[in-house]
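Colleague: Structure: start12.json, JSON, C-alpha atoms and all ligand atoms.
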```json
[["chain", "number", "residue", "atom", "x", "y", "z"],
["Z", 1444, "MET", "CA", 0.00, 0.00, 0.00],
["Z", 1445, "THR", "CA", 2.14, 2.87, -1.22],
["Z", 1446, "THR", "CA", -0.03, 5.21, -3.30],
["Z", 1447, "ILE", "CA", -3.09, 7.24, -2.39],
["Z", 1448, "VAL", "CA", -5.42, 7.08, -5.43],
["Z", 1449, "LEU", "CA", -8.15, 9.67, -5.09],
["Z", 1450, "SER", "CA", -10.11, 8.23, -8.04],
["Z", 1451, "GLN", "CA", -10.86, 5.16, -5.89],
["Z", 1452, "GLN", "CA", -12.92, 7.27, -3.51],
["Z", 1453, "ASP", "CA", -16.03, 5.84, -1.90],
["Z", 1454, "PRO", "CA", -17.52, 8.70, 0.16],
["Z", 1455, "LYS", "CA", -19.56, 6.30, 2.31],
["Z", 1456, "PHE", "CA", -16.51, 4.37, 3.49],
["Z", 1457, "LYS", "CA", -15.31, 6.81, 6.15],
["Z", 1458, "GLU", "CA", -18.80, 7.13, 7.60],
["Z", 1459, "GLU", "CA", -19.17, 3.34, 7.75],
["Z", 1460, "VAL", "CA", -15.83, 3.04, 9.54],
["Z", 1461, "ALA", "CA", -16.65, 5.87, 11.98],
["Z", 1462, "SER", "CA", -20.05, 4.34, 12.79],
["Z", 1463, "ARG", "CA", -18.47, 1.26, 14.35],
["Z", 1464, "PRO", "CA", -17.50, 0.99, 18.03],
["Z", 1465, "GLY", "CA", -13.84, 1.84, 18.49],
["Z", 1466, "ALA", "CA", -13.49, 3.92, 15.32],
["Z", 1467, "GLU", "CA", -15.75, 6.85, 16.27],
["Z", 1468, "ASN", "CA", -12.81, 9.32, 16.50],
["Z", 1469, "PHE", "CA", -10.83, 8.29, 13.45],
["Z", 1470, "LYS", "CA", -11.84, 11.31, 11.35],
["Z", 1471, "LEU", "CA", -10.28, 13.59, 14.00],
["Z", 1472, "CYS", "CA", -6.79, 12.54, 12.84],
["Z", 1473, "PHE", "CA", -4.80, 15.62, 11.82],
["Z", 1474, "THR", "CA", -1.92, 13.66, 10.28],
["Z", 1475, "CYS", "CA", 0.69, 14.56, 12.88],
["Z", 1476, "GLY", "CA", 2.49, 11.23, 12.38],
["Z", 1477, "THR", "CA", 3.04, 10.51, 16.08],
["Z", 1478, "CYS", "CA", 1.53, 7.05, 15.62],
["Z", 1479, "THR", "CA", 3.83, 6.18, 12.74],
["Z", 1480, "ALA", "CA", 6.90, 7.53, 14.55],
["Z", 1481, "SER", "CA", 6.05, 5.43, 17.63],
["Z", 1482, "CYS", "CA", 5.00, 2.21, 15.93],
["Z", 1483, "PRO", "CA", 7.31, -0.82, 16.29],
["Z", 1484, "VAL", "CA", 5.93, -2.35, 13.09],
["Z", 1485, "ALA", "CA", 6.56, 0.83, 11.06],
["Z", 1486, "GLU", "CA", 10.11, 0.78, 12.35],
["Z", 1487, "VAL", "CA", 10.83, -2.56, 10.69],
["Z", 1488, "HIS", "CA", 8.44, -2.48, 7.73],
["Z", 1489, "ASP", "CA", 8.63, 0.36, 5.20],
["Z", 1490, "ASP", "CA", 5.12, -0.21, 3.86],
["Z", 1491, "TYR", "CA", 3.47, 0.04, 7.24],
["Z", 1492, "ASP", "CA", 2.24, 3.53, 8.11],
["Z", 1493, "PRO", "CA", -0.75, 4.01, 10.48],
["Z", 1494, "ARG", "CA", -1.12, 7.67, 9.47],
["Z", 1495, "LYS", "CA", -1.44, 6.65, 5.83],
["Z", 1496, "ILE", "CA", -4.02, 3.95, 6.58],
["Z", 1497, "ILE", "CA", -6.13, 6.62, 8.31],
["Z", 1498, "ARG", "CA", -5.71, 9.03, 5.36],
["Z", 1499, "MET", "CA", -6.67, 6.38, 2.81],
["Z", 1500, "SER", "CA", -9.73, 5.52, 4.90],
["Z", 1501, "VAL", "CA", -10.73, 9.19, 5.17],
["Z", 1502, "PHE", "CA", -10.31, 9.51, 1.38],
["Z", 1503, "GLY", "CA", -12.69, 6.58, 0.93],
["Z", 1504, "MET", "CA", -10.23, 4.07, -0.54],
["Z", 1505, "ARG", "CA", -12.26, 1.06, 0.51],
["Z", 1506, "GLU", "CA", -10.53, -1.52, -1.68],
["Z", 1507, "GLY", "CA", -7.06, -0.07, -1.15],
["Z", 1508, "VAL", "CA", -7.49, -0.34, 2.63],
["Z", 1509, "LEU", "CA", -9.59, -3.47, 3.15],
["Z", 1510, "GLY", "CA", -7.77, -5.42, 0.43],
["Z", 1511, "SER", "CA", -4.33, -4.55, 1.72],
["Z", 1512, "ASP", "CA", -2.05, -6.94, 3.60],
["Z", 1513, "VAL", "CA", -0.85, -4.15, 5.88],
["Z", 1514, "ILE", "CA", -4.05, -4.08, 7.94],
["Z", 1515, "TRP", "CA", -3.02, -7.50, 9.29],
["Z", 1516, "MET", "CA", 0.45, -6.34, 10.37],
["Z", 1517, "CYS", "CA", -0.53, -4.22, 13.37],
["Z", 1518, "GLN", "CA", 0.35, -6.11, 16.54],
["Z", 1519, "ARG", "CA", -2.12, -4.09, 18.59],
["Z", 1520, "CYS", "CA", 0.48, -3.00, 21.11],
["Z", 1521, "TYR", "CA", -1.47, 0.23, 21.81],
["Z", 1522, "VAL", "CA", 1.58, 2.51, 21.76],
["Z", 1523, "CYS", "CA", -0.05, 4.72, 19.11],
["Z", 1524, "TYR", "CA", -3.29, 4.63, 21.08],
["Z", 1525, "ALA", "CA", -1.60, 6.11, 24.15],
["Z", 1526, "ARG", "CA", 0.30, 8.81, 22.24],
["Z", 1527, "CYS", "CA", -2.29, 10.09, 19.78],
["Z", 1528, "PRO", "CA", -3.15, 13.75, 20.58],
["Z", 1529, "GLN", "CA", -6.56, 13.34, 18.94],
["Z", 1530, "ASN", "CA", -7.59, 10.16, 20.76],
["Z", 1531, "VAL", "CA", -8.05, 8.38, 17.44],
["Z", 1532, "LYS", "CA", -7.55, 4.95, 19.08],
["Z", 1533, "PHE", "CA", -5.84, 3.56, 16.04],
["Z", 1534, "ALA", "CA", -5.43, 0.02, 17.42],
["Z", 1535, "ASP", "CA", -9.23, -0.18, 17.70],
["Z", 1536, "VAL", "CA", -9.68, 1.38, 14.26],
["Z", 1537, "MET", "CA", -7.50, -1.43, 12.94],
["Z", 1538, "GLY", "CA", -9.81, -3.96, 14.59],
["Z", 1539, "VAL", "CA", -12.76, -2.33, 12.79],
["Z", 1540, "LEU", "CA", -10.97, -2.38, 9.41],
["Z", 1541, "ARG", "CA", -10.15, -6.07, 9.87],
["Z", 1542, "GLU", "CA", -13.75, -6.94, 10.71],
["Z", 1543, "MET", "CA", -14.93, -5.03, 7.64],
["Z", 1544, "ALA", "CA", -12.33, -6.78, 5.45],
["Z", 1545, "VAL", "CA", -13.71, -10.16, 6.54],
["Z", 1546, "GLU", "CA", -17.37, -9.09, 6.19],
["Z", 1547, "GLU", "CA", -16.78, -7.71, 2.69],
["Z", 1548, "GLY", "CA", -14.90, -10.77, 1.46],
["Z", 1549, "TYR", "CA", -11.42, -9.27, 1.27],
["Z", 1550, "ALA", "CA", -10.14, -11.89, 3.72],
["Z", 1551, "PRO", "CA", -11.36, -15.35, 4.81],
["Z", 1552, "LYS", "CA", -13.41, -15.37, 8.01],
["Z", 1553, "GLU", "CA", -10.81, -17.53, 9.79],
["Z", 1554, "ARG", "CA", -8.28, -14.70, 9.45],
["Z", 1555, "LEU", "CA", -9.36, -12.87, 12.63],
["Z", 1556, "HIS", "CA", -8.85, -16.02, 14.71],
["Z", 1557, "GLU", "CA", -5.54, -16.80, 12.98],
["Z", 1558, "ILE", "CA", -4.23, -13.32, 13.74],
["Z", 1559, "ASP", "CA", -5.23, -13.64, 17.41],
["Z", 1560, "GLU", "CA", -3.40, -16.96, 17.58],
["Z", 1561, "LEU", "CA", -0.36, -15.45, 15.89],
["Z", 1562, "ASP", "CA", -0.31, -12.54, 18.35],
["Z", 1563, "ARG", "CA", -0.41, -15.01, 21.27],
["Z", 1564, "PHE", "CA", 2.32, -17.15, 19.72],
["Z", 1565, "CYS", "CA", 4.57, -14.10, 19.17],
["Z", 1566, "GLN", "CA", 4.09, -12.88, 22.74],
["Z", 1567, "GLU", "CA", 4.93, -16.29, 24.19],
["Z", 1568, "LEU", "CA", 7.93, -16.61, 21.90],
["Z", 1569, "ARG", "CA", 9.15, -13.16, 22.90],
["Z", 1570, "CYS", "CA", 8.90, -14.07, 26.61],
["Z", 1571, "ASP", "CA", 10.88, -17.28, 26.00],
["Z", 1572, "LEU", "CA", 13.55, -15.46, 23.96],
["Z", 1573, "VAL", "CA", 13.96, -12.76, 26.61],
["Z", 1574, "GLN", "CA", 14.21, -15.42, 29.30],
["Z", 1575, "ASN", "CA", 16.85, -17.22, 27.25],
["Z", 1576, "LEU", "CA", 18.71, -13.95, 26.75],
["Z", 1577, "THR", "CA", 18.85, -13.24, 30.47],
["Z", 1578, "LYS", "CA", 19.33, -16.85, 31.60],
["Z", 1579, "PRO", "CA", 20.53, -19.01, 28.69],
["Z", 1580, "ASP", "CA", 19.29, -22.54, 29.11],
["Z", 1581, "ASP", "CA", 19.51, -25.58, 26.79],
["Z", 1582, "LYS", "CA", 16.07, -26.87, 27.81],
["Z", 1583, "LEU", "CA", 14.53, -23.50, 27.01],
["Z", 1584, "LYS", "CA", 16.35, -23.37, 23.66],
["Z", 1585, "ALA", "CA", 14.93, -26.81, 22.80],
["Z", 1586, "LYS", "CA", 11.46, -25.62, 23.82],
["Z", 1587, "ILE", "CA", 11.75, -22.55, 21.57],
["Z", 1588, "LYS", "CA", 12.91, -24.69, 18.65],
["Z", 1589, "THR", "CA", 10.05, -27.16, 19.15],
["Z", 1590, "LYS", "CA", 7.54, -24.29, 19.23],
["Z", 1591, "LEU", "CA", 8.91, -22.78, 16.01],
["Z", 1592, "ASP", "CA", 9.04, -26.17, 14.23],
["Z", 1593, "LYS", "CA", 5.44, -26.87, 15.27],
["Z", 1594, "HIS", "CA", 4.31, -23.45, 14.09],
["Z", 1595, "PHE", "CA", 5.88, -23.83, 10.65],
["Z", 1596, "ARG", "CA", 4.68, -27.44, 10.32],
["Z", 1597, "GLN", "CA", 1.10, -26.32, 11.00],
["Z", 1598, "LYS", "CA", 1.42, -23.47, 8.50],
["Z", 1599, "ALA", "CA", 2.72, -25.88, 5.85],
["Z", 1600, "GLU", "CA", -0.26, -28.28, 6.27],
["T", 1701, "LIG", "S1", -1.11, 10.16, 16.20],
["T", 1701, "LIG", "FE1", -3.35, 10.36, 15.97],
["T", 1701, "LIG", "S2", -3.66, 12.37, 15.05],
["T", 1701, "LIG", "FE2", -1.50, 11.86, 14.78],
["T", 1701, "LIG", "S3", -1.42, 10.87, 12.70],
["T", 1701, "LIG", "FE3", -1.66, 9.24, 14.21],
["T", 1701, "LIG", "S4", -3.88, 8.89, 14.34],
["T", 1701, "LIG", "FE4", -3.57, 10.89, 13.38],
["T", 1702, "LIG", "S1", -1.14, -0.71, 17.83],
["T", 1702, "LIG", "FE1", -0.48, -1.24, 15.75],
["T", 1702, "LIG", "S2", -0.26, 0.70, 14.68],
["T", 1702, "LIG", "FE2", -0.32, 1.15, 16.87],
["T", 1702, "LIG", "S3", 1.83, 1.25, 17.48],
["T", 1702, "LIG", "FE3", 1.12, -0.85, 17.88],
["T", 1702, "LIG", "S4", 1.61, -2.00, 16.02],
["T", 1702, "LIG", "FE4", 1.74, 0.18, 15.51]]
```
Could I get this file's structure written as structure tokens?

Modeller:
Amino acid sequence: MTTIVLSQQDPKFKEEVASRPGAENFKLCFTCGTCTASCPVAEVHDDYDPRKIIRMSVFGMREGVLGSDVIWMCQRCYVCYARCPQNVKFADVMGVLREMAVEEGYAPKERLHEIDELDRFCQELRCDLVQNLTKPDDKLKAKIKTKLDKHFRQKAE
């Protein structure tokens, strides 16, 4: 998602997004970029830009937003939520966009559950890796390896 295409505008889109619980404030965004500057995903992924996702939504780019892979990248850490001067609650807006993507057929309905599972897996893995960093342990290393192997085996099935 790199280009804002104004010809794709659907004027109803922003109202539909704003009508859902959690996204009521999203039109208040004044593009300050605090969310993007604070976001750990934006730091490691050039295509990920919360401010831009909001802009595209305000401009009515329904397909460009709901059909984009980037709406699944947010890890819902709530850093942007806490720092936004306009109380946009971007992490919740992202939840709304994901629900709409599933409802409108841009993503399979299992996706929401898969993303929740992935978030849980990543958090557990992070805890194990930090523990191994502070107290290296062969048993823990084997546990981490087993977890990763299992994850990739399941994804390959
Ligand atoms: S921090 Fe809030 S106001 Fe600033 S760009 Fe992000 S969503 Fe918009
Ligand atoms: S909630 Fe999502 S968009 Fe906000 S800082 Fe965390 S990863 Fe970035």

Colleague: Write as JSON, numbers by chain the residues around ligand LIG 1702 (chain T), taking 10 Å as the cut-off and counting all atoms listed in the file.

Modeller: {"Z": [1477, 1478, 1479, 1480, 1481, 1482, 1483, 1484, 1485, 1486, 1491, 1492, 1493, 1494, 1496, 1514, 1515, 1516, 1517, 1518, 1519, 1520, 1521, 1522, 1523, 1524, 1525, 1526, 1527, 1532, 1533, 1534, 1535, 1536, 1537, 1538]}

Colleague: Rounded to one decimal in Å, what is the spacing between atom CA of Z:Leu1555 and atom CA of Z:Glu1459?

Modeller: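 Separation of atom CA of Z:Leu1555 and atom CA of Z:Glu1459: 19.6 Å.
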
Colleague: For stretch 1508-1511 of chain Z, find every residue with an atom within 12 Å (counting all atoms listed in the file), except residues of its own chain fewer than 3 positions away, and show them as a CSV table (one decimal) with C-alpha atoms, in the frame of the given file.

Modeller:
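Output file selection_19.csv is given in full below:
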```csv
chain,number,residue,atom,x,y,z
Z,1444,MET,CA,0.0,0.0,0.0
Z,1445,THR,CA,2.1,2.9,-1.2
Z,1446,THR,CA,0.0,5.2,-3.3
Z,1447,ILE,CA,-3.1,7.2,-2.4
Z,1448,VAL,CA,-5.4,7.1,-5.4
Z,1451,GLN,CA,-10.9,5.2,-5.9
Z,1452,GLN,CA,-12.9,7.3,-3.5
Z,1453,ASP,CA,-16.0,5.8,-1.9
Z,1456,PHE,CA,-16.5,4.4,3.5
Z,1457,LYS,CA,-15.3,6.8,6.2
Z,1460,VAL,CA,-15.8,3.0,9.5
Z,1490,ASP,CA,5.1,-0.2,3.9
Z,1491,TYR,CA,3.5,0.0,7.2
Z,1492,ASP,CA,2.2,3.5,8.1
Z,1493,PRO,CA,-0.8,4.0,10.5
Z,1495,LYS,CA,-1.4,6.6,5.8
Z,1496,ILE,CA,-4.0,4.0,6.6
Z,1497,ILE,CA,-6.1,6.6,8.3
Z,1498,ARG,CA,-5.7,9.0,5.4
Z,1499,MET,CA,-6.7,6.4,2.8
Z,1500,SER,CA,-9.7,5.5,4.9
Z,1501,VAL,CA,-10.7,9.2,5.2
Z,1502,PHE,CA,-10.3,9.5,1.4
Z,1503,GLY,CA,-12.7,6.6,0.9
Z,1504,MET,CA,-10.2,4.1,-0.5
Z,1505,ARG,CA,-12.3,1.1,0.5
Z,1514,ILE,CA,-4.0,-4.1,7.9
Z,1515,TRP,CA,-3.0,-7.5,9.3
Z,1516,MET,CA,0.4,-6.3,10.4
Z,1536,VAL,CA,-9.7,1.4,14.3
Z,1537,MET,CA,-7.5,-1.4,12.9
Z,1538,GLY,CA,-9.8,-4.0,14.6
Z,1539,VAL,CA,-12.8,-2.3,12.8
Z,1540,LEU,CA,-11.0,-2.4,9.4
Z,1541,ARG,CA,-10.2,-6.1,9.9
Z,1542,GLU,CA,-13.8,-6.9,10.7
Z,1543,MET,CA,-14.9,-5.0,7.6
Z,1544,ALA,CA,-12.3,-6.8,5.4
Z,1545,VAL,CA,-13.7,-10.2,6.5
Z,1546,GLU,CA,-17.4,-9.1,6.2
Z,1547,GLU,CA,-16.8,-7.7,2.7
Z,1548,GLY,CA,-14.9,-10.8,1.5
Z,1549,TYR,CA,-11.4,-9.3,1.3
Z,1550,ALA,CA,-10.1,-11.9,3.7
Z,1551,PRO,CA,-11.4,-15.4,4.8
```

Colleague: Select, from Z:Arg1563, Z:Asn1530, Z:Glu1600, Z:Leu1568, the residue with the minimum atom-to-atom distance to ligand LIG 1701 (chain T), counting all atoms listed in the file.

Modeller: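 Using all atoms listed in the file, the shortest distance to ligand LIG 1701 (chain T) belongs to Z:Asn1530.
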
Colleague: Considering only C-alpha atoms, state which residue in the set Z:Leu1572, Z:Ser1450, Z:His1594, Z:Gly1465 is at the smallest distance from Z:Glu1560.

Modeller: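 Closest residue, counting only C-alpha atoms: Z:His1594.
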
Colleague: With distances taken over all atoms listed in the file, which of Z:Pro1579, Z:Pro1454, Z:Pro1464, Z:Gly1476 is nearest to ligand LIG 1701 (chain T)?

Modeller: Z:Gly1476

Colleague: Under the rule that all atoms listed in the file are counted, which of Z:Ala1461, Z:Lys1455, Z:Val1531, Z:Asn1468 is the nearest residue to ligand LIG 1701 (chain T)?

Modeller: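 Nearest candidate to ligand LIG 1701 (chain T) out of Z:Ala1461, Z:Lys1455, Z:Val1531, Z:Asn1468: Z:Val1531.
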
Colleague: Rounded to one decimal, what separation in Å do you get between atom FE3 of ligand LIG 1701 (chain T) and atom CA of Z:Cys1475?

Modeller: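 Separation of atom FE3 of ligand LIG 1701 (chain T) and atom CA of Z:Cys1475: 6.0 Å.
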
Colleague: Give me, please, the distance in Å between atom CA of Z:Thr1474 and atom CA of Z:Glu1506, quoted to one decimal.

Modeller: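 Between these atoms lies a distance of 21.2 Å.
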
Colleague: Taking into account all atoms listed in the file, which residue in the set Z:Ala1599, Z:Arg1463, Z:Gln1529, Z:Val1487 is nearest to ligand LIG 1701 (chain T)?

Modeller: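 Going through Z:Ala1599, Z:Arg1463, Z:Gln1529, Z:Val1487 one by one, the smallest distance to ligand LIG 1701 (chain T) is for Z:Gln1529.
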